[in-house]
$ cat query.pdb   # PDB, C-alpha atoms
ATOM      1  CA  MET A 209     394.812 129.241 235.522  1.00  0.00           C
ATOM      2  CA  ASP A 210     395.391 132.700 234.058  1.00  0.00           C
ATOM      3  CA  LYS A 211     396.136 135.393 236.595  1.00  0.00           C
ATOM      4  CA  ILE A 212     394.523 138.817 236.275  1.00  0.00           C
ATOM      5  CA  LYS A 213     396.487 141.720 237.706  1.00  0.00           C
ATOM      6  CA  LEU A 214     394.664 144.089 240.048  1.00  0.00           C
ATOM      7  CA  GLU A 215     395.396 147.619 241.218  1.00  0.00           C
ATOM      8  CA  ILE A 216     394.263 149.283 244.438  1.00  0.00           C
ATOM      9  CA  LEU A 217     391.742 151.959 243.460  1.00  0.00           C
ATOM     10  CA  GLY A 218     390.669 153.139 246.888  1.00  0.00           C
ATOM     11  CA  LEU A 219     389.310 152.598 250.370  1.00  0.00           C
ATOM     12  CA  SER A 220     385.839 153.715 251.457  1.00  0.00           C
ATOM     13  CA  PRO A 221     383.903 153.254 254.699  1.00  0.00           C
ATOM     14  CA  SER A 222     381.468 150.349 254.367  1.00  0.00           C
ATOM     15  CA  GLN A 223     377.843 151.469 254.391  1.00  0.00           C
ATOM     16  CA  SER A 224     376.486 148.117 255.554  1.00  0.00           C
ATOM     17  CA  GLN A 225     379.002 147.215 258.270  1.00  0.00           C
ATOM     18  CA  SER A 226     380.015 149.962 260.667  1.00  0.00           C
ATOM     19  CA  GLY A 227     383.715 150.015 261.461  1.00  0.00           C
ATOM     20  CA  SER A 228     384.535 148.211 258.207  1.00  0.00           C
ATOM     21  CA  PHE A 229     385.914 149.489 254.919  1.00  0.00           C
ATOM     22  CA  ALA A 230     385.530 148.519 251.276  1.00  0.00           C
ATOM     23  CA  LEU A 231     388.874 148.019 249.567  1.00  0.00           C
ATOM     24  CA  VAL A 232     388.229 148.451 245.846  1.00  0.00           C
ATOM     25  CA  LEU A 233     390.593 146.659 243.479  1.00  0.00           C
ATOM     26  CA  GLY A 234     390.464 147.222 239.723  1.00  0.00           C
ATOM     27  CA  GLU A 235     391.361 144.971 236.815  1.00  0.00           C
ATOM     28  CA  GLU A 236     394.567 146.371 235.260  1.00  0.00           C
ATOM     29  CA  TYR A 237     393.427 146.216 231.621  1.00  0.00           C
ATOM     30  CA  GLY A 238     389.677 146.171 232.077  1.00  0.00           C
ATOM     31  CA  ASN A 239     386.761 147.921 233.695  1.00  0.00           C
ATOM     32  CA  ARG A 240     385.816 145.357 236.348  1.00  0.00           C
ATOM     33  CA  ARG A 241     386.170 146.206 240.014  1.00  0.00           C
ATOM     34  CA  LEU A 242     386.534 143.826 242.953  1.00  0.00           C
ATOM     35  CA  PRO A 243     385.343 145.320 246.264  1.00  0.00           C
ATOM     36  CA  ILE A 244     386.429 143.479 249.425  1.00  0.00           C
ATOM     37  CA  ILE A 245     385.131 144.369 252.900  1.00  0.00           C
ATOM     38  CA  ILE A 246     388.008 144.628 255.386  1.00  0.00           C
ATOM     39  CA  GLY A 247     388.466 145.640 259.007  1.00  0.00           C
ATOM     40  CA  MET A 248     389.489 149.039 260.312  1.00  0.00           C
ATOM     41  CA  PHE A 249     392.986 147.955 261.387  1.00  0.00           C
ATOM     42  CA  GLU A 250     393.809 146.445 257.999  1.00  0.00           C
ATOM     43  CA  ALA A 251     392.376 149.491 256.196  1.00  0.00           C
ATOM     44  CA  GLN A 252     394.619 151.701 258.329  1.00  0.00           C
ATOM     45  CA  ALA A 253     397.646 149.495 257.575  1.00  0.00           C
ATOM     46  CA  ILE A 254     396.982 149.742 253.833  1.00  0.00           C
ATOM     47  CA  ALA A 255     396.290 153.496 253.892  1.00  0.00           C
ATOM     48  CA  ILE A 256     399.430 154.253 255.912  1.00  0.00           C
ATOM     49  CA  GLU A 257     401.619 152.460 253.378  1.00  0.00           C
ATOM     50  CA  ILE A 258     399.874 153.992 250.357  1.00  0.00           C
ATOM     51  CA  GLU A 259     400.357 157.465 251.851  1.00  0.00           C
ATOM     52  CA  LYS A 260     403.941 156.602 252.906  1.00  0.00           C
ATOM     53  CA  ILE A 261     403.274 157.621 256.515  1.00  0.00           C
ATOM     54  CA  VAL A 262     405.900 156.317 258.944  1.00  0.00           C
ATOM     55  CA  PRO A 263     404.306 155.339 262.293  1.00  0.00           C
ATOM     56  CA  ASN A 264     406.217 155.878 265.555  1.00  0.00           C
ATOM     57  CA  ARG A 265     406.422 152.127 266.094  1.00  0.00           C
ATOM     58  CA  PRO A 266     406.243 149.397 263.445  1.00  0.00           C
ATOM     59  CA  MET A 267     402.793 148.000 262.754  1.00  0.00           C
ATOM     60  CA  THR A 268     402.244 144.246 262.454  1.00  0.00           C
ATOM     61  CA  HIS A 269     402.679 144.269 258.668  1.00  0.00           C
ATOM     62  CA  ASP A 270     405.891 146.319 258.966  1.00  0.00           C
ATOM     63  CA  LEU A 271     407.122 143.771 261.485  1.00  0.00           C
ATOM     64  CA  PHE A 272     406.415 140.987 258.991  1.00  0.00           C
ATOM     65  CA  LYS A 273     408.556 142.792 256.405  1.00  0.00           C
ATOM     66  CA  GLN A 274     411.427 143.309 258.877  1.00  0.00           C
ATOM     67  CA  PHE A 275     411.208 139.639 259.890  1.00  0.00           C
ATOM     68  CA  ALA A 276     411.304 138.585 256.211  1.00  0.00           C
ATOM     69  CA  GLU A 277     414.323 140.767 255.503  1.00  0.00           C
ATOM     70  CA  GLN A 278     416.208 139.435 258.535  1.00  0.00           C
ATOM     71  CA  PHE A 279     415.664 135.853 257.383  1.00  0.00           C
ATOM     72  CA  LYS A 280     416.453 136.649 253.730  1.00  0.00           C
ATOM     73  CA  PHE A 281     413.146 135.927 252.084  1.00  0.00           C
ATOM     74  CA  THR A 282     410.960 138.154 250.006  1.00  0.00           C
ATOM     75  CA  VAL A 283     407.378 138.290 248.817  1.00  0.00           C
ATOM     76  CA  ARG A 284     406.880 137.754 245.081  1.00  0.00           C
ATOM     77  CA  GLU A 285     403.143 138.299 244.662  1.00  0.00           C
ATOM     78  CA  ILE A 286     399.741 138.338 246.323  1.00  0.00           C
ATOM     79  CA  VAL A 287     396.911 136.226 244.896  1.00  0.00           C
ATOM     80  CA  ILE A 288     393.222 136.624 245.770  1.00  0.00           C
ATOM     81  CA  SER A 289     392.806 132.918 245.282  1.00  0.00           C
ATOM     82  CA  ASP A 290     389.311 131.860 246.267  1.00  0.00           C
ATOM     83  CA  LEU A 291     385.787 132.992 247.156  1.00  0.00           C
ATOM     84  CA  ARG A 292     383.704 130.663 249.307  1.00  0.00           C
ATOM     85  CA  GLU A 293     380.376 131.524 250.961  1.00  0.00           C
ATOM     86  CA  GLY A 294     380.996 135.227 250.383  1.00  0.00           C
ATOM     87  CA  ILE A 295     384.482 135.150 251.953  1.00  0.00           C
ATOM     88  CA  PHE A 296     387.631 135.930 249.971  1.00  0.00           C
ATOM     89  CA  PHE A 297     390.837 133.959 250.536  1.00  0.00           C
ATOM     90  CA  ALA A 298     394.373 134.969 249.570  1.00  0.00           C
ATOM     91  CA  LYS A 299     397.878 133.590 249.271  1.00  0.00           C
ATOM     92  CA  ILE A 300     401.225 135.285 249.856  1.00  0.00           C
ATOM     93  CA  VAL A 301     403.835 133.833 247.492  1.00  0.00           C
ATOM     94  CA  CYS A 302     407.312 134.015 249.097  1.00  0.00           C
ATOM     95  CA  PHE A 303     410.808 133.158 247.878  1.00  0.00           C
ATOM     96  CA  ASP A 304     413.967 132.529 249.936  1.00  0.00           C
ATOM     97  CA  GLY A 305     416.429 132.373 247.038  1.00  0.00           C
ATOM     98  CA  VAL A 306     416.054 128.605 246.656  1.00  0.00           C
ATOM     99  CA  ARG A 307     412.411 127.665 246.852  1.00  0.00           C
ATOM    100  CA  GLU A 308     409.008 129.250 246.655  1.00  0.00           C
ATOM    101  CA  SER A 309     406.543 128.980 249.557  1.00  0.00           C
ATOM    102  CA  VAL A 310     402.871 129.890 249.654  1.00  0.00           C
ATOM    103  CA  ILE A 311     401.218 131.215 252.828  1.00  0.00           C
ATOM    104  CA  ASP A 312     397.431 131.368 253.294  1.00  0.00           C
ATOM    105  CA  ALA A 313     396.156 134.753 254.478  1.00  0.00           C
ATOM    106  CA  ARG A 314     393.162 137.034 254.642  1.00  0.00           C
ATOM    107  CA  PRO A 315     393.163 139.312 251.578  1.00  0.00           C
ATOM    108  CA  SER A 316     393.402 142.423 253.766  1.00  0.00           C
ATOM    109  CA  ASP A 317     396.573 141.191 255.485  1.00  0.00           C
ATOM    110  CA  ALA A 318     398.039 139.852 252.249  1.00  0.00           C
ATOM    111  CA  ILE A 319     397.509 143.196 250.490  1.00  0.00           C
ATOM    112  CA  ALA A 320     398.867 145.192 253.458  1.00  0.00           C
ATOM    113  CA  ILE A 321     402.018 143.032 253.279  1.00  0.00           C
ATOM    114  CA  GLY A 322     402.158 143.053 249.476  1.00  0.00           C
ATOM    115  CA  ILE A 323     402.211 146.830 249.177  1.00  0.00           C
ATOM    116  CA  ARG A 324     405.111 146.944 251.651  1.00  0.00           C
ATOM    117  CA  PHE A 325     407.091 144.692 249.302  1.00  0.00           C
ATOM    118  CA  ASP A 326     405.783 146.565 246.227  1.00  0.00           C
ATOM    119  CA  VAL A 327     404.608 143.339 244.570  1.00  0.00           C
ATOM    120  CA  PRO A 328     401.713 142.722 242.157  1.00  0.00           C
ATOM    121  CA  ILE A 329     398.259 141.606 243.283  1.00  0.00           C
ATOM    122  CA  TYR A 330     396.442 139.010 241.166  1.00  0.00           C
ATOM    123  CA  THR A 331     393.154 137.149 241.062  1.00  0.00           C
ATOM    124  CA  ASN A 332     391.539 134.788 238.546  1.00  0.00           C
ATOM    125  CA  GLU A 333     388.664 134.950 236.103  1.00  0.00           C
ATOM    126  CA  SER A 334     386.243 132.880 238.199  1.00  0.00           C
ATOM    127  CA  ILE A 335     386.496 135.300 241.142  1.00  0.00           C
ATOM    128  CA  LEU A 336     386.128 138.386 238.944  1.00  0.00           C
ATOM    129  CA  SER A 337     383.156 136.783 237.160  1.00  0.00           C
ATOM    130  CA  GLU A 338     381.444 135.929 240.444  1.00  0.00           C
ATOM    131  CA  ALA A 339     382.219 139.001 242.573  1.00  0.00           C
ATOM    132  CA  GLY A 340     383.454 141.634 240.138  1.00  0.00           C
ATOM    133  CA  ILE A 341     381.391 144.682 239.256  1.00  0.00           C
ATOM    134  CA  THR A 342     381.684 146.374 235.871  1.00  0.00           C
ATOM    135  CA  ALA A 343     382.503 150.071 236.194  1.00  0.00           C
ATOM    136  CA  SER A 344     380.121 152.519 234.549  1.00  0.00           C
ATOM    137  CA  GLY A 345     380.971 155.827 232.954  1.00  0.00           C
ATOM    138  CA  ASN A 346     380.102 157.845 236.086  1.00  0.00           C
ATOM    139  CA  ASP A 347     382.619 160.151 237.640  1.00  0.00           C
ATOM    140  CA  GLU A 348     385.163 158.382 239.837  1.00  0.00           C
ATOM    141  CA  GLU A 349     383.716 159.398 243.230  1.00  0.00           C
ATOM    142  CA  GLU A 350     380.148 158.400 242.292  1.00  0.00           C
ATOM    143  CA  GLU A 351     381.414 155.149 240.837  1.00  0.00           C
ATOM    144  CA  GLN A 352     383.316 154.337 244.047  1.00  0.00           C
ATOM    145  CA  GLU A 353     380.201 154.952 246.166  1.00  0.00           C
ATOM    146  CA  GLU A 354     378.070 152.775 243.886  1.00  0.00           C
ATOM    147  CA  LEU A 355     380.660 149.982 244.016  1.00  0.00           C
ATOM    148  CA  VAL A 356     380.607 150.000 247.811  1.00  0.00           C
ATOM    149  CA  ARG A 357     376.788 150.022 247.935  1.00  0.00           C
ATOM    150  CA  SER A 358     376.324 147.269 245.370  1.00  0.00           C
ATOM    151  CA  SER A 359     379.085 145.076 246.793  1.00  0.00           C
ATOM    152  CA  ASN A 360     377.436 145.081 250.211  1.00  0.00           C
ATOM    153  CA  ARG A 361     373.912 144.197 249.112  1.00  0.00           C
ATOM    154  CA  PRO A 362     374.303 140.837 247.338  1.00  0.00           C
ATOM    155  CA  THR A 363     376.747 139.422 249.853  1.00  0.00           C
ATOM    156  CA  ALA A 364     374.485 140.241 252.802  1.00  0.00           C
ATOM    157  CA  ARG A 365     371.441 138.779 251.040  1.00  0.00           C
ATOM    158  CA  SER A 366     373.138 135.598 249.871  1.00  0.00           C
ATOM    159  CA  PHE A 367     374.755 135.030 253.271  1.00  0.00           C
ATOM    160  CA  GLY A 368     371.361 135.388 255.006  1.00  0.00           C
ATOM    161  CA  ASP A 369     369.880 132.869 252.563  1.00  0.00           C
ATOM    162  CA  GLN A 370     372.804 130.501 253.181  1.00  0.00           C
ATOM    163  CA  LEU A 371     372.165 130.643 256.923  1.00  0.00           C
ATOM    164  CA  LYS A 372     368.456 129.890 256.547  1.00  0.00           C
ATOM    165  CA  ASN A 373     369.144 126.931 254.269  1.00  0.00           C
ATOM    166  CA  ALA A 374     372.120 125.505 256.208  1.00  0.00           C
ATOM    167  CA  SER A 375     371.825 122.450 258.451  1.00  0.00           C
ATOM    168  CA  SER A 376     372.766 122.689 262.142  1.00  0.00           C
ATOM    169  CA  GLU A 377     376.047 120.912 261.398  1.00  0.00           C
ATOM    170  CA  GLU A 378     376.840 123.359 258.584  1.00  0.00           C
ATOM    171  CA  LEU A 379     376.053 126.314 260.849  1.00  0.00           C
ATOM    172  CA  GLN A 380     378.407 124.937 263.497  1.00  0.00           C
ATOM    173  CA  ARG A 381     381.167 124.526 260.911  1.00  0.00           C
ATOM    174  CA  MET A 382     380.557 128.043 259.550  1.00  0.00           C
ATOM    175  CA  LEU A 383     380.678 129.449 263.085  1.00  0.00           C
ATOM    176  CA  GLU A 384     384.009 127.763 263.820  1.00  0.00           C
ATOM    177  CA  GLU A 385     385.416 129.013 260.505  1.00  0.00           C
ATOM    178  CA  ALA A 386     384.231 132.587 261.136  1.00  0.00           C
ATOM    179  CA  LEU A 387     385.761 132.593 264.624  1.00  0.00           C
ATOM    180  CA  GLY A 388     388.989 131.128 263.258  1.00  0.00           C
ATOM    181  CA  ASN A 389     389.148 133.937 260.681  1.00  0.00           C
ATOM    182  CA  GLU A 390     388.324 136.551 263.361  1.00  0.00           C
ATOM    183  CA  GLU A 391     385.149 137.518 261.483  1.00  0.00           C
ATOM    184  CA  TYR A 392     383.169 138.292 264.605  1.00  0.00           C
ATOM    185  CA  GLU A 393     380.263 140.107 262.963  1.00  0.00           C
ATOM    186  CA  ARG A 394     379.732 137.111 260.669  1.00  0.00           C
ATOM    187  CA  ALA A 395     380.014 134.760 263.649  1.00  0.00           C
ATOM    188  CA  ALA A 396     377.352 136.772 265.508  1.00  0.00           C
ATOM    189  CA  LYS A 397     374.916 136.382 262.583  1.00  0.00           C
ATOM    190  CA  ILE A 398     375.530 132.627 262.494  1.00  0.00           C
ATOM    191  CA  ARG A 399     375.065 132.389 266.266  1.00  0.00           C
ATOM    192  CA  ASP A 400     371.783 134.341 265.985  1.00  0.00           C
ATOM    193  CA  GLU A 401     370.501 131.894 263.365  1.00  0.00           C
ATOM    194  CA  MET A 402     371.480 128.963 265.602  1.00  0.00           C
ATOM    195  CA  SER A 403     369.679 130.574 268.555  1.00  0.00           C
ATOM    196  CA  LYS A 404     366.467 131.010 266.519  1.00  0.00           C
ATOM    197  CA  ARG A 405     366.380 127.257 265.938  1.00  0.00           C
ATOM    198  CA  ASN A 406     366.821 126.285 269.612  1.00  0.00           C
TER     199      ASN A 406
END

$ encode --input "query.pdb" --output "structure tokens"
Amino acid sequence: MDKIKLEILGLSPSQSQSGSFALVLGEEYGNRRLPIIIGMFEAQAIAIEIEKIVPNRPMTHDLFKQFAEQFKFTVREIVISDLREGIFFAKIVCFDGVRESVIDARPSDAIAIGIRFDVPIYTNESILSEAGITASGNDEEEEQEELVRSSNRPTARSFGDQLKNASSEELQRMLEEALGNEEYERAAKIRDEMSKRN
């Protein structure tokens, strides 16, 4: 599978989910954008590293880097690897000098770690085809706002439709997955749908 390199274009407050941010990634040699909704803590962790701000105490992602350095392994790349039911999945590709290991992660955490190691971020064509948005010729600020708005609308609609059409067993599985991924707002929507049926 061909990897497509992405660059971080910016962070904007999410207009559909208060307390969340849209991390906008751009195709390196193209005009497609990949907006991913992330939490406030992860947005802060990414922004701090981009701006090269040194916090008084190490943040979780800084701690990961220190841990990696102590045990002599490094991060080689970050891959936005999958998109299922509106949720992005990522992998952190690590190397200890002998063998390569792959760690599953949320994209927000993977990117926060990846920028600390100054490694490339990749995705694949199927994800960009499904969730990517083609940039228009607007000015950069307007384009960013439109990306955030348009990225929020389809996901919310399709997720609502998924809930309505899901069986009780599927809803239970989705709820457990959302809780496991600490996606509490998503879990609340699933729980509300389950409550409507009881």

$ resolve_selection --input "query.pdb" --expression "the PyMOL selection byres ((chain A and resi 219) around 8)" --output "number ranges by chain"
A: 217-218, 220-221, 229-232, 251, 255

$ resolve_selection --input "query.pdb" --expression "the PyMOL selection byres ((chain A and resi 290) around 12)" --output "mmCIF file with C-alpha atoms, keeping the file's coordinate frame"
data_model
loop_
_atom_site.group_PDB
_atom_site.id
_atom_site.type_symbol
_atom_site.label_atom_id
_atom_site.label_comp_id
_atom_site.auth_asym_id
_atom_site.auth_seq_id
_atom_site.Cartn_x
_atom_site.Cartn_y
_atom_site.Cartn_z
ATOM 1 C CA VAL A 287 396.911 136.226 244.896
ATOM 2 C CA ILE A 288 393.222 136.624 245.770
ATOM 3 C CA SER A 289 392.806 132.918 245.282
ATOM 4 C CA LEU A 291 385.787 132.992 247.156
ATOM 5 C CA ARG A 292 383.704 130.663 249.307
ATOM 6 C CA GLU A 293 380.376 131.524 250.961
ATOM 7 C CA GLY A 294 380.996 135.227 250.383
ATOM 8 C CA ILE A 295 384.482 135.150 251.953
ATOM 9 C CA PHE A 296 387.631 135.930 249.971
ATOM 10 C CA PHE A 297 390.837 133.959 250.536
ATOM 11 C CA ALA A 298 394.373 134.969 249.570
ATOM 12 C CA LYS A 299 397.878 133.590 249.271
ATOM 13 C CA ASP A 312 397.431 131.368 253.294
ATOM 14 C CA ALA A 313 396.156 134.753 254.478
ATOM 15 C CA ARG A 314 393.162 137.034 254.642
ATOM 16 C CA PRO A 315 393.163 139.312 251.578
ATOM 17 C CA TYR A 330 396.442 139.010 241.166
ATOM 18 C CA THR A 331 393.154 137.149 241.062
ATOM 19 C CA ASN A 332 391.539 134.788 238.546
ATOM 20 C CA GLU A 333 388.664 134.950 236.103
ATOM 21 C CA SER A 334 386.243 132.880 238.199
ATOM 22 C CA ILE A 335 386.496 135.300 241.142
ATOM 23 C CA LEU A 336 386.128 138.386 238.944
ATOM 24 C CA GLU A 338 381.444 135.929 240.444
ATOM 25 C CA ALA A 339 382.219 139.001 242.573
#

$ atom_distance --input "query.pdb" --atom1 "atom CA of Ala320 of chain A" --atom2 "atom CA of Ala396 of chain A"
26.1 Å

$ resolve_selection --input "query.pdb" --expression "the PyMOL selection byres ((chain A and resi 242) around 9)" --output "list in words"
Leu214, Leu231, Val232, Leu233, Gly234, Glu235, Arg240, Arg241, Pro243, Ile244, Ile335, Leu336, Ala339, Gly340, Ile341, Thr342, Leu355 and Ser359 of chain A

$ atom_distance --input "query.pdb" --atom1 "atom CA of Val283 of chain A" --atom2 "atom CA of Ile256 of chain A"
19.2 Å

$ closest_residue --input "query.pdb" --among "A:Ile254, A:Ile286, A:Gln370, A:Glu377" --to "Ile329 of chain A" --atoms "all atoms listed in the file"
A:Ile286

$ closest_residue --input "query.pdb" --among "A:Ile321, A:Leu371, A:Leu379, A:Met402" --to "Ile258 of chain A" --atoms "only C-alpha atoms"
A:Ile321

$ closest_residue --input "query.pdb" --among "A:Glu385, A:Glu285, A:Glu277, A:Asp400" --to "Lys211 of chain A" --atoms "all atoms listed in the file"
A:Glu285

$ closest_residue --input "query.pdb" --among "A:Gly368, A:Cys302, A:Ala374, A:Asp317" --to "Lys397 of chain A" --atoms "only C-alpha atoms"
A:Gly368

$ atom_distance --input "query.pdb" --atom1 "atom CA of Gly247 of chain A" --atom2 "atom CA of Ile300 of chain A"
18.8 Å

$ residues_around --input "query.pdb" --residues "Phe279 of chain A" --least-positions-apart "4" --cutoff "12 Å" --atoms "only C-alpha atoms" --output "list in words"
Phe272, Lys273, Gln274, Phe275, Cys302, Phe303, Asp304 and Gly305 of chain A

$ closest_residue --input "query.pdb" --among "A:Gly388, A:Gly238, A:Pro328, A:Pro263" --to "Ile216 of chain A" --atoms "only C-alpha atoms"
A:Pro328

$ closest_residue --input "query.pdb" --among "A:Ala343, A:Ala395, A:Ile319, A:Val310" --to "Asn239 of chain A" --atoms "all atoms listed in the file"
A:Ala343

$ decode --input "query.pdb" --residues "segment 215-237 of chain A" --atoms "N, CA, C and O atoms" --output "JSON list (two decimals), in the first residue's frame"
[["chain", "number", "residue", "atom", "x", "y", "z"],
["A", 215, "GLU", "N", 1.41, 16.80, 6.09],
["A", 215, "GLU", "CA", 2.02, 17.87, 6.88],
["A", 215, "GLU", "C", 0.95, 18.45, 7.78],
["A", 215, "GLU", "O", -0.22, 18.49, 7.42],
["A", 216, "ILE", "N", 1.36, 18.94, 8.95],
["A", 216, "ILE", "CA", 0.41, 19.61, 9.84],
["A", 216, "ILE", "C", 0.21, 21.02, 9.32],
["A", 216, "ILE", "O", 1.16, 21.80, 9.20],
["A", 217, "LEU", "N", -1.05, 21.36, 9.01],
["A", 217, "LEU", "CA", -1.36, 22.69, 8.48],
["A", 217, "LEU", "C", -1.88, 23.62, 9.56],
["A", 217, "LEU", "O", -1.72, 24.83, 9.47],
["A", 218, "GLY", "N", -2.53, 23.07, 10.58],
["A", 218, "GLY", "CA", -3.03, 23.94, 11.63],
["A", 218, "GLY", "C", -3.98, 23.25, 12.57],
["A", 218, "GLY", "O", -4.40, 22.11, 12.35],
["A", 219, "LEU", "N", -4.31, 23.97, 13.63],
["A", 219, "LEU", "CA", -5.26, 23.54, 14.65],
["A", 219, "LEU", "C", -6.32, 24.62, 14.78],
["A", 219, "LEU", "O", -5.98, 25.80, 14.87],
["A", 220, "SER", "N", -7.59, 24.22, 14.79],
["A", 220, "SER", "CA", -8.68, 25.18, 14.97],
["A", 220, "SER", "C", -9.69, 24.61, 15.94],
["A", 220, "SER", "O", -9.91, 23.41, 15.97],
["A", 221, "PRO", "N", -10.33, 25.48, 16.75],
["A", 221, "PRO", "CA", -11.39, 24.96, 17.62],
["A", 221, "PRO", "C", -12.50, 24.34, 16.79],
["A", 221, "PRO", "O", -12.87, 24.87, 15.75],
["A", 222, "SER", "N", -13.00, 23.19, 17.24],
["A", 222, "SER", "CA", -14.09, 22.51, 16.54],
["A", 222, "SER", "C", -15.38, 23.28, 16.76],
["A", 222, "SER", "O", -15.70, 23.67, 17.87],
["A", 223, "GLN", "N", -16.14, 23.48, 15.67],
["A", 223, "GLN", "CA", -17.39, 24.21, 15.78],
["A", 223, "GLN", "C", -18.56, 23.31, 16.17],
["A", 223, "GLN", "O", -19.60, 23.79, 16.58],
["A", 224, "SER", "N", -18.38, 22.00, 16.05],
["A", 224, "SER", "CA", -19.49, 21.10, 16.37],
["A", 224, "SER", "C", -19.34, 20.45, 17.74],
["A", 224, "SER", "O", -20.30, 19.99, 18.31],
["A", 225, "GLN", "N", -18.12, 20.39, 18.25],
["A", 225, "GLN", "CA", -17.88, 19.72, 19.54],
["A", 225, "GLN", "C", -17.10, 20.68, 20.44],
["A", 225, "GLN", "O", -15.92, 20.89, 20.21],
["A", 226, "SER", "N", -17.77, 21.24, 21.43],
["A", 226, "SER", "CA", -17.07, 22.20, 22.28],
["A", 226, "SER", "C", -15.96, 21.50, 23.05],
["A", 226, "SER", "O", -16.10, 20.34, 23.47],
["A", 227, "GLY", "N", -14.85, 22.18, 23.22],
["A", 227, "GLY", "CA", -13.71, 21.62, 23.92],
["A", 227, "GLY", "C", -12.83, 20.75, 23.05],
["A", 227, "GLY", "O", -11.83, 20.23, 23.50],
["A", 228, "SER", "N", -13.21, 20.58, 21.77],
["A", 228, "SER", "CA", -12.41, 19.79, 20.84],
["A", 228, "SER", "C", -11.79, 20.70, 19.80],
["A", 228, "SER", "O", -12.19, 21.85, 19.64],
["A", 229, "PHE", "N", -10.80, 20.16, 19.10],
["A", 229, "PHE", "CA", -10.10, 20.91, 18.06],
["A", 229, "PHE", "C", -10.04, 20.09, 16.79],
["A", 229, "PHE", "O", -10.05, 18.87, 16.84],
["A", 230, "ALA", "N", -9.95, 20.78, 15.66],
["A", 230, "ALA", "CA", -9.73, 20.12, 14.37],
["A", 230, "ALA", "C", -8.26, 20.27, 14.03],
["A", 230, "ALA", "O", -7.75, 21.38, 13.91],
["A", 231, "LEU", "N", -7.57, 19.14, 13.92],
["A", 231, "LEU", "CA", -6.19, 19.12, 13.47],
["A", 231, "LEU", "C", -6.25, 18.89, 11.96],
["A", 231, "LEU", "O", -6.78, 17.88, 11.51],
["A", 232, "VAL", "N", -5.76, 19.85, 11.19],
["A", 232, "VAL", "CA", -5.84, 19.75, 9.74],
["A", 232, "VAL", "C", -4.48, 19.33, 9.19],
["A", 232, "VAL", "O", -3.48, 20.01, 9.39],
["A", 233, "LEU", "N", -4.48, 18.18, 8.52],
["A", 233, "LEU", "CA", -3.28, 17.65, 7.88],
["A", 233, "LEU", "C", -3.44, 17.83, 6.37],
["A", 233, "LEU", "O", -4.55, 17.70, 5.84],
["A", 234, "GLY", "N", -2.34, 18.13, 5.69],
["A", 234, "GLY", "CA", -2.41, 18.33, 4.24],
["A", 234, "GLY", "C", -1.51, 17.37, 3.51],
["A", 234, "GLY", "O", -0.41, 17.03, 3.98],
["A", 235, "GLU", "N", -1.96, 16.92, 2.36],
["A", 235, "GLU", "CA", -1.19, 16.04, 1.48],
["A", 235, "GLU", "C", 0.05, 16.82, 1.02],
["A", 235, "GLU", "O", -0.06, 17.96, 0.57],
["A", 236, "GLU", "N", 1.23, 16.21, 1.12],
["A", 236, "GLU", "CA", 2.47, 16.93, 0.82],
["A", 236, "GLU", "C", 2.51, 17.46, -0.62],
["A", 236, "GLU", "O", 2.86, 18.61, -0.85],
["A", 237, "TYR", "N", 2.18, 16.63, -1.59],
["A", 237, "TYR", "CA", 2.24, 17.07, -2.99],
["A", 237, "TYR", "C", 0.86, 17.06, -3.61],
["A", 237, "TYR", "O", 0.65, 16.55, -4.71]]
